[in-house]
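**Q** start_33.pdb (PDB, C-alpha atoms and all ligand atoms) pasted underneath:
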```pdb
ATOM      1  CA  MET A   1    -103.934  31.465 -15.440  1.00  0.00           C
ATOM      2  CA  ASN A   2    -105.041  32.566 -11.959  1.00  0.00           C
ATOM      3  CA  ASN A   3    -107.678  30.890  -9.802  1.00  0.00           C
ATOM      4  CA  SER A   4    -110.440  33.337 -10.755  1.00  0.00           C
ATOM      5  CA  GLN A   5    -109.868  32.815 -14.473  1.00  0.00           C
ATOM      6  CA  LEU A   6    -109.892  29.038 -14.020  1.00  0.00           C
ATOM      7  CA  ILE A   7    -113.154  29.276 -12.036  1.00  0.00           C
ATOM      8  CA  GLU A   8    -114.737  31.320 -14.873  1.00  0.00           C
ATOM      9  CA  LEU A   9    -113.908  28.474 -17.259  1.00  0.00           C
ATOM     10  CA  ALA A  10    -115.353  25.910 -14.841  1.00  0.00           C
ATOM     11  CA  LEU A  11    -118.569  27.947 -14.554  1.00  0.00           C
ATOM     12  CA  HIS A  12    -118.805  28.048 -18.337  1.00  0.00           C
ATOM     13  CA  ALA A  13    -118.308  24.269 -18.559  1.00  0.00           C
ATOM     14  CA  ARG A  14    -120.996  23.804 -15.910  1.00  0.00           C
ATOM     15  CA  ASN A  15    -123.532  25.195 -18.399  1.00  0.00           C
ATOM     16  CA  MET A  16    -122.983  22.010 -20.449  1.00  0.00           C
ATOM     17  CA  ALA A  17    -123.791  19.653 -17.558  1.00  0.00           C
ATOM     18  CA  TYR A  18    -126.105  16.802 -18.496  1.00  0.00           C
ATOM     19  CA  CYS A  19    -127.822  16.152 -15.174  1.00  0.00           C
ATOM     20  CA  PRO A  20    -131.524  15.338 -15.728  1.00  0.00           C
ATOM     21  CA  TYR A  21    -131.608  12.880 -12.795  1.00  0.00           C
ATOM     22  CA  SER A  22    -129.902  14.781  -9.989  1.00  0.00           C
ATOM     23  CA  GLY A  23    -130.447  18.350 -11.141  1.00  0.00           C
ATOM     24  CA  PHE A  24    -126.936  18.973  -9.736  1.00  0.00           C
ATOM     25  CA  ALA A  25    -124.737  20.671 -12.344  1.00  0.00           C
ATOM     26  CA  VAL A  26    -120.947  20.529 -12.023  1.00  0.00           C
ATOM     27  CA  GLY A  27    -118.192  22.145 -14.067  1.00  0.00           C
ATOM     28  CA  ALA A  28    -114.437  21.717 -13.900  1.00  0.00           C
ATOM     29  CA  ALA A  29    -111.418  23.381 -15.501  1.00  0.00           C
ATOM     30  CA  LEU A  30    -108.056  21.596 -15.379  1.00  0.00           C
ATOM     31  CA  LEU A  31    -104.821  23.546 -15.839  1.00  0.00           C
ATOM     32  CA  CYS A  32    -101.999  21.549 -17.459  1.00  0.00           C
ATOM     33  CA  ALA A  33     -98.302  22.228 -16.855  1.00  0.00           C
ATOM     34  CA  ASP A  34     -97.972  23.495 -20.449  1.00  0.00           C
ATOM     35  CA  GLY A  35    -100.610  26.187 -19.771  1.00  0.00           C
ATOM     36  CA  SER A  36    -103.446  24.533 -21.655  1.00  0.00           C
ATOM     37  CA  VAL A  37    -106.842  24.080 -19.981  1.00  0.00           C
ATOM     38  CA  TYR A  38    -109.294  21.209 -20.354  1.00  0.00           C
ATOM     39  CA  THR A  39    -112.855  21.648 -19.134  1.00  0.00           C
ATOM     40  CA  GLY A  40    -115.507  19.112 -18.219  1.00  0.00           C
ATOM     41  CA  CYS A  41    -119.048  18.722 -16.940  1.00  0.00           C
ATOM     42  CA  ASN A  42    -120.940  15.893 -15.288  1.00  0.00           C
ATOM     43  CA  ILE A  43    -122.672  13.534 -17.706  1.00  0.00           C
ATOM     44  CA  GLU A  44    -125.408  11.429 -16.135  1.00  0.00           C
ATOM     45  CA  ASN A  45    -127.029   8.241 -17.362  1.00  0.00           C
ATOM     46  CA  SER A  46    -130.432   6.610 -16.871  1.00  0.00           C
ATOM     47  CA  ALA A  47    -128.613   3.524 -15.536  1.00  0.00           C
ATOM     48  CA  PHE A  48    -126.952   5.858 -12.965  1.00  0.00           C
ATOM     49  CA  SER A  49    -123.595   4.066 -12.512  1.00  0.00           C
ATOM     50  CA  PRO A  50    -122.214   5.104 -15.935  1.00  0.00           C
ATOM     51  CA  THR A  51    -122.441   8.735 -14.774  1.00  0.00           C
ATOM     52  CA  ASN A  52    -119.180  10.631 -15.155  1.00  0.00           C
ATOM     53  CA  CYS A  53    -118.248  13.509 -12.876  1.00  0.00           C
ATOM     54  CA  ALA A  54    -117.083  16.853 -14.238  1.00  0.00           C
ATOM     55  CA  GLU A  55    -113.566  16.421 -12.861  1.00  0.00           C
ATOM     56  CA  ARG A  56    -113.081  13.049 -14.520  1.00  0.00           C
ATOM     57  CA  THR A  57    -114.475  14.367 -17.791  1.00  0.00           C
ATOM     58  CA  ALA A  58    -111.791  17.066 -17.734  1.00  0.00           C
ATOM     59  CA  PHE A  59    -109.023  14.616 -16.804  1.00  0.00           C
ATOM     60  CA  PHE A  60    -110.028  12.045 -19.408  1.00  0.00           C
ATOM     61  CA  LYS A  61    -110.231  14.678 -22.126  1.00  0.00           C
ATOM     62  CA  ALA A  62    -106.741  15.909 -21.238  1.00  0.00           C
ATOM     63  CA  VAL A  63    -105.114  12.488 -20.885  1.00  0.00           C
ATOM     64  CA  SER A  64    -106.714  11.310 -24.120  1.00  0.00           C
ATOM     65  CA  GLU A  65    -104.985  14.203 -25.864  1.00  0.00           C
ATOM     66  CA  GLY A  66    -101.564  13.344 -24.470  1.00  0.00           C
ATOM     67  CA  LYS A  67    -101.458  15.626 -21.416  1.00  0.00           C
ATOM     68  CA  CYS A  68    -100.074  14.046 -18.274  1.00  0.00           C
ATOM     69  CA  SER A  69     -98.740  16.899 -16.128  1.00  0.00           C
ATOM     70  CA  PHE A  70    -101.193  19.024 -14.170  1.00  0.00           C
ATOM     71  CA  VAL A  71    -101.091  22.077 -11.881  1.00  0.00           C
ATOM     72  CA  LYS A  72    -104.593  22.600 -10.498  1.00  0.00           C
ATOM     73  CA  ILE A  73    -108.307  22.106 -11.119  1.00  0.00           C
ATOM     74  CA  ALA A  74    -111.250  24.408 -10.406  1.00  0.00           C
ATOM     75  CA  VAL A  75    -114.587  22.804  -9.528  1.00  0.00           C
ATOM     76  CA  VAL A  76    -118.035  24.409  -9.263  1.00  0.00           C
ATOM     77  CA  GLY A  77    -121.192  22.480  -8.526  1.00  0.00           C
ATOM     78  CA  GLY A  78    -124.720  23.001  -7.276  1.00  0.00           C
ATOM     79  CA  ASN A  79    -128.405  23.072  -8.124  1.00  0.00           C
ATOM     80  CA  ALA A  80    -128.672  23.466 -11.896  1.00  0.00           C
ATOM     81  CA  GLU A  81    -131.342  26.145 -11.469  1.00  0.00           C
ATOM     82  CA  ASN A  82    -128.852  28.505  -9.847  1.00  0.00           C
ATOM     83  CA  GLU A  83    -126.443  30.337 -12.120  1.00  0.00           C
ATOM     84  CA  GLN A  84    -123.746  30.101  -9.450  1.00  0.00           C
ATOM     85  CA  PRO A  85    -123.499  27.458  -6.698  1.00  0.00           C
ATOM     86  CA  GLU A  86    -124.442  28.385  -3.144  1.00  0.00           C
ATOM     87  CA  ARG A  87    -121.792  26.090  -1.623  1.00  0.00           C
ATOM     88  CA  VAL A  88    -118.395  24.772  -2.664  1.00  0.00           C
ATOM     89  CA  CYS A  89    -118.352  21.298  -4.222  1.00  0.00           C
ATOM     90  CA  PRO A  90    -115.594  19.001  -2.953  1.00  0.00           C
ATOM     91  CA  PRO A  91    -114.603  16.297  -5.466  1.00  0.00           C
ATOM     92  CA  CYS A  92    -115.990  12.803  -4.847  1.00  0.00           C
ATOM     93  CA  GLY A  93    -113.722   9.974  -3.749  1.00  0.00           C
ATOM     94  CA  VAL A  94    -113.516   8.414  -7.189  1.00  0.00           C
ATOM     95  CA  CYS A  95    -112.371  11.712  -8.718  1.00  0.00           C
ATOM     96  CA  ARG A  96    -109.775  12.151  -5.965  1.00  0.00           C
ATOM     97  CA  GLN A  97    -108.377   8.728  -6.817  1.00  0.00           C
ATOM     98  CA  VAL A  98    -108.246   9.601 -10.532  1.00  0.00           C
ATOM     99  CA  MET A  99    -106.396  12.823  -9.648  1.00  0.00           C
ATOM    100  CA  ARG A 100    -103.935  10.756  -7.598  1.00  0.00           C
ATOM    101  CA  GLU A 101    -103.068   8.695 -10.657  1.00  0.00           C
ATOM    102  CA  PHE A 102    -101.817  11.729 -12.551  1.00  0.00           C
ATOM    103  CA  CYS A 103    -100.989  14.393  -9.962  1.00  0.00           C
ATOM    104  CA  SER A 104     -98.497  14.965  -7.188  1.00  0.00           C
ATOM    105  CA  ALA A 105     -99.330  15.691  -3.555  1.00  0.00           C
ATOM    106  CA  ASP A 106     -99.192  19.465  -4.084  1.00  0.00           C
ATOM    107  CA  PHE A 107    -101.760  19.497  -6.928  1.00  0.00           C
ATOM    108  CA  GLU A 108    -104.325  22.158  -6.023  1.00  0.00           C
ATOM    109  CA  VAL A 109    -108.091  21.695  -5.987  1.00  0.00           C
ATOM    110  CA  VAL A 110    -109.915  25.034  -6.167  1.00  0.00           C
ATOM    111  CA  MET A 111    -113.454  24.524  -4.855  1.00  0.00           C
ATOM    112  CA  ALA A 112    -115.495  27.569  -5.770  1.00  0.00           C
ATOM    113  CA  LYS A 113    -118.842  29.268  -5.461  1.00  0.00           C
ATOM    114  CA  ASN A 114    -117.777  32.028  -7.859  1.00  0.00           C
ATOM    115  CA  PRO A 115    -114.516  33.658  -9.075  1.00  0.00           C
ATOM    116  CA  GLU A 116    -114.156  35.634  -5.819  1.00  0.00           C
ATOM    117  CA  ASP A 117    -115.258  33.041  -3.292  1.00  0.00           C
ATOM    118  CA  TYR A 118    -113.343  29.783  -3.201  1.00  0.00           C
ATOM    119  CA  LYS A 119    -111.349  27.377  -1.048  1.00  0.00           C
ATOM    120  CA  VAL A 120    -108.059  25.765  -2.106  1.00  0.00           C
ATOM    121  CA  MET A 121    -106.821  22.405  -0.814  1.00  0.00           C
ATOM    122  CA  THR A 122    -104.009  20.176  -1.999  1.00  0.00           C
ATOM    123  CA  LEU A 123    -104.597  16.649  -3.201  1.00  0.00           C
ATOM    124  CA  SER A 124    -102.667  15.263  -0.234  1.00  0.00           C
ATOM    125  CA  GLU A 125    -105.030  17.115   2.111  1.00  0.00           C
ATOM    126  CA  LEU A 126    -108.062  15.731   0.278  1.00  0.00           C
ATOM    127  CA  LEU A 127    -106.687  12.192  -0.098  1.00  0.00           C
ATOM    128  CA  PRO A 128    -104.137  11.366   2.624  1.00  0.00           C
ATOM    129  CA  GLU A 129    -102.506   7.935   2.820  1.00  0.00           C
ATOM    130  CA  SER A 130    -103.606   7.254  -0.725  1.00  0.00           C
ATOM    131  CA  PHE A 131    -103.216   4.092  -2.733  1.00  0.00           C
ATOM    132  CA  ASP A 132    -101.204   4.917  -5.819  1.00  0.00           C
ATOM    133  CA  LYS A 133     -99.093   3.454  -8.586  1.00  0.00           C
ATOM    134  CA  ARG A 134     -96.063   2.869  -6.332  1.00  0.00           C
ATOM    135  CA  GLU A 135     -98.125   0.175  -4.633  1.00  0.00           C
ATOM    136  CA  VAL A 136     -98.635  -1.784  -7.867  1.00  0.00           C
ATOM    137  CA  LYS A 137     -95.460  -3.349  -9.120  1.00  0.00           C
TER     138      LYS A 137
HETATM  139  N1  LIG B 201    -120.599  15.161  -9.348  1.00  0.00           N
HETATM  140  C1  LIG B 201    -119.531  15.670 -10.020  1.00  0.00           C
HETATM  141  O1  LIG B 201    -119.606  15.936 -11.222  1.00  0.00           O
HETATM  142  N2  LIG B 201    -118.373  15.865  -9.330  1.00  0.00           N
HETATM  143  C2  LIG B 201    -118.216  15.584  -8.001  1.00  0.00           C
HETATM  144  O2  LIG B 201    -117.105  15.603  -7.493  1.00  0.00           O
HETATM  145  C3  LIG B 201    -119.394  15.264  -7.192  1.00  0.00           C
HETATM  146  C4  LIG B 201    -120.583  14.786  -7.949  1.00  0.00           C
HETATM  147  C5  LIG B 201    -121.844  14.928 -10.092  1.00  0.00           C
HETATM  148  C6  LIG B 201    -122.214  13.475 -10.293  1.00  0.00           C
HETATM  149  C7  LIG B 201    -123.716  13.552 -10.461  1.00  0.00           C
HETATM  150  O3  LIG B 201    -123.997  13.808 -11.826  1.00  0.00           O
HETATM  151  C8  LIG B 201    -124.111  14.770  -9.647  1.00  0.00           C
HETATM  152  O4  LIG B 201    -122.930  15.500  -9.399  1.00  0.00           O
HETATM  153  C9  LIG B 201    -124.787  14.433  -8.328  1.00  0.00           C
HETATM  154  O5  LIG B 201    -124.009  13.560  -7.587  1.00  0.00           O
END
```
Write the structure described by the file as structure tokens, please.
Ligand code: THU
**A**
Amino acid sequence: MNNSQLIELALHARNMAYCPYSGFAVGAALLCADGSVYTGCNIENSAFSPTNCAERTAFFKAVSEGKCSFVKIAVVGGNAENEQPERVCPPCGVCRQVMREFCSADFEVVMAKNPEDYKVMTLSELLPESFDKREVK
């Protein structure tokens, strides 16, 4: 699964975004070490704080089905009226922390506008000096 293919899946998932409050649609596609892919979209709520980001939707789907080893995630987000985002969408801080729970420092985050235009950063670049499970004994 190359980056462009993973971005295509994230764009497809973005079509499912439930974002009536922000109008900002996000899709994610998470590649597991066994080659399987779990997708997710953002799911908003009228009470706002229960909103779940696309990245966490993908992670929680995967973990809930027994997956716990991950390679990379593609993320696409932007105004829901545009078929493809105009800018890349970096994951929010909460999603970075969720990634840290399950992923190593070299986990790749592919932030894309479309399958040909994207930026890749590692989790350690996005979340340096992170708090993780080694801290909690
Ligand atoms: N959102 C995501 O799905 N992922 C991110 O990393 C950033 C933000 C969603 C949450 C909310 O539904 C909308 O984008 C606007 O913040």
**Q** Please return as a ChimeraX atom specification the residues found within 9 Å of ligand LIG 201 (chain B), counting all atoms listed in the file.
**A** /A:17-28,40-45,48,51-57,75-78,89-96
**Q** Could you give me, as a PDB file with C-alpha atoms, in the coordinates of the input, the residues within 8 Å of region 108-119 of chain A, counting all atoms listed in the file and dropping anything in the same chain fewer than 6 positions from it?
**A**
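out08.pdb was written with the following content:
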```pdb
ATOM      1  CA  ASN A   3    -107.678  30.890  -9.802  1.00  0.00           C
ATOM      2  CA  SER A   4    -110.440  33.337 -10.755  1.00  0.00           C
ATOM      3  CA  GLN A   5    -109.868  32.815 -14.473  1.00  0.00           C
ATOM      4  CA  ILE A   7    -113.154  29.276 -12.036  1.00  0.00           C
ATOM      5  CA  GLU A   8    -114.737  31.320 -14.873  1.00  0.00           C
ATOM      6  CA  LEU A  11    -118.569  27.947 -14.554  1.00  0.00           C
ATOM      7  CA  VAL A  71    -101.091  22.077 -11.881  1.00  0.00           C
ATOM      8  CA  LYS A  72    -104.593  22.600 -10.498  1.00  0.00           C
ATOM      9  CA  ILE A  73    -108.307  22.106 -11.119  1.00  0.00           C
ATOM     10  CA  ALA A  74    -111.250  24.408 -10.406  1.00  0.00           C
ATOM     11  CA  VAL A  75    -114.587  22.804  -9.528  1.00  0.00           C
ATOM     12  CA  VAL A  76    -118.035  24.409  -9.263  1.00  0.00           C
ATOM     13  CA  GLY A  77    -121.192  22.480  -8.526  1.00  0.00           C
ATOM     14  CA  GLN A  84    -123.746  30.101  -9.450  1.00  0.00           C
ATOM     15  CA  PRO A  85    -123.499  27.458  -6.698  1.00  0.00           C
ATOM     16  CA  GLU A  86    -124.442  28.385  -3.144  1.00  0.00           C
ATOM     17  CA  ARG A  87    -121.792  26.090  -1.623  1.00  0.00           C
ATOM     18  CA  VAL A  88    -118.395  24.772  -2.664  1.00  0.00           C
ATOM     19  CA  CYS A  89    -118.352  21.298  -4.222  1.00  0.00           C
ATOM     20  CA  PRO A  90    -115.594  19.001  -2.953  1.00  0.00           C
TER      21      PRO A  90
END
```
**Q** With the PyMOL selection byres (((chain A and resi 68) around 9) and not hetatm) as the selection, what would be picked from this file? Answer as a list of chain:residue names, please.
**A**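 Taken over the shown coordinates, the PyMOL selection byres (((chain A and resi 68) around 9) and not hetatm) returns A:Cys32, A:Ala33, A:Ala62, A:Val63, A:Gly66, A:Lys67, A:Ser69, A:Phe70, A:Phe102, A:Cys103.
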**Q** Kindly indicate which residue among A:Leu126, A:Val37, A:Ala105, A:Lys61 lies nearest to Asn2 (chain A), using all atoms listed in the file for the distances.
**A**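 Closest residue, counting all atoms listed in the file: A:Val37.
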**Q** So what do you get for CA of Arg100 (chain A) versus CA of Met1 (chain A), distance-wise?
**A**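 A separation of 22.1 Å between them.
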**Q** Which residue gives the smallest distance to Ala80 (chain A) among A:Leu9, A:Glu101, A:Ser124, A:Arg14, with only C-alpha atoms counted?
**A**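 For Ala80 (chain A), the nearest of the candidates is A:Arg14.
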**Q** What separation in Å, quoted to one decimal, exists between CA of Val120 (chain A) and CA of Asn82 (chain A)?
**A**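 Taking CA of Val120 (chain A) and CA of Asn82 (chain A), their separation equals 22.4 Å.
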**Q** Could you check how far CA of Ser64 (chain A) sits from CA of Gly35 (chain A), in Å to one decimal?
**A**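 Interatomic distance here is 16.7 Å.
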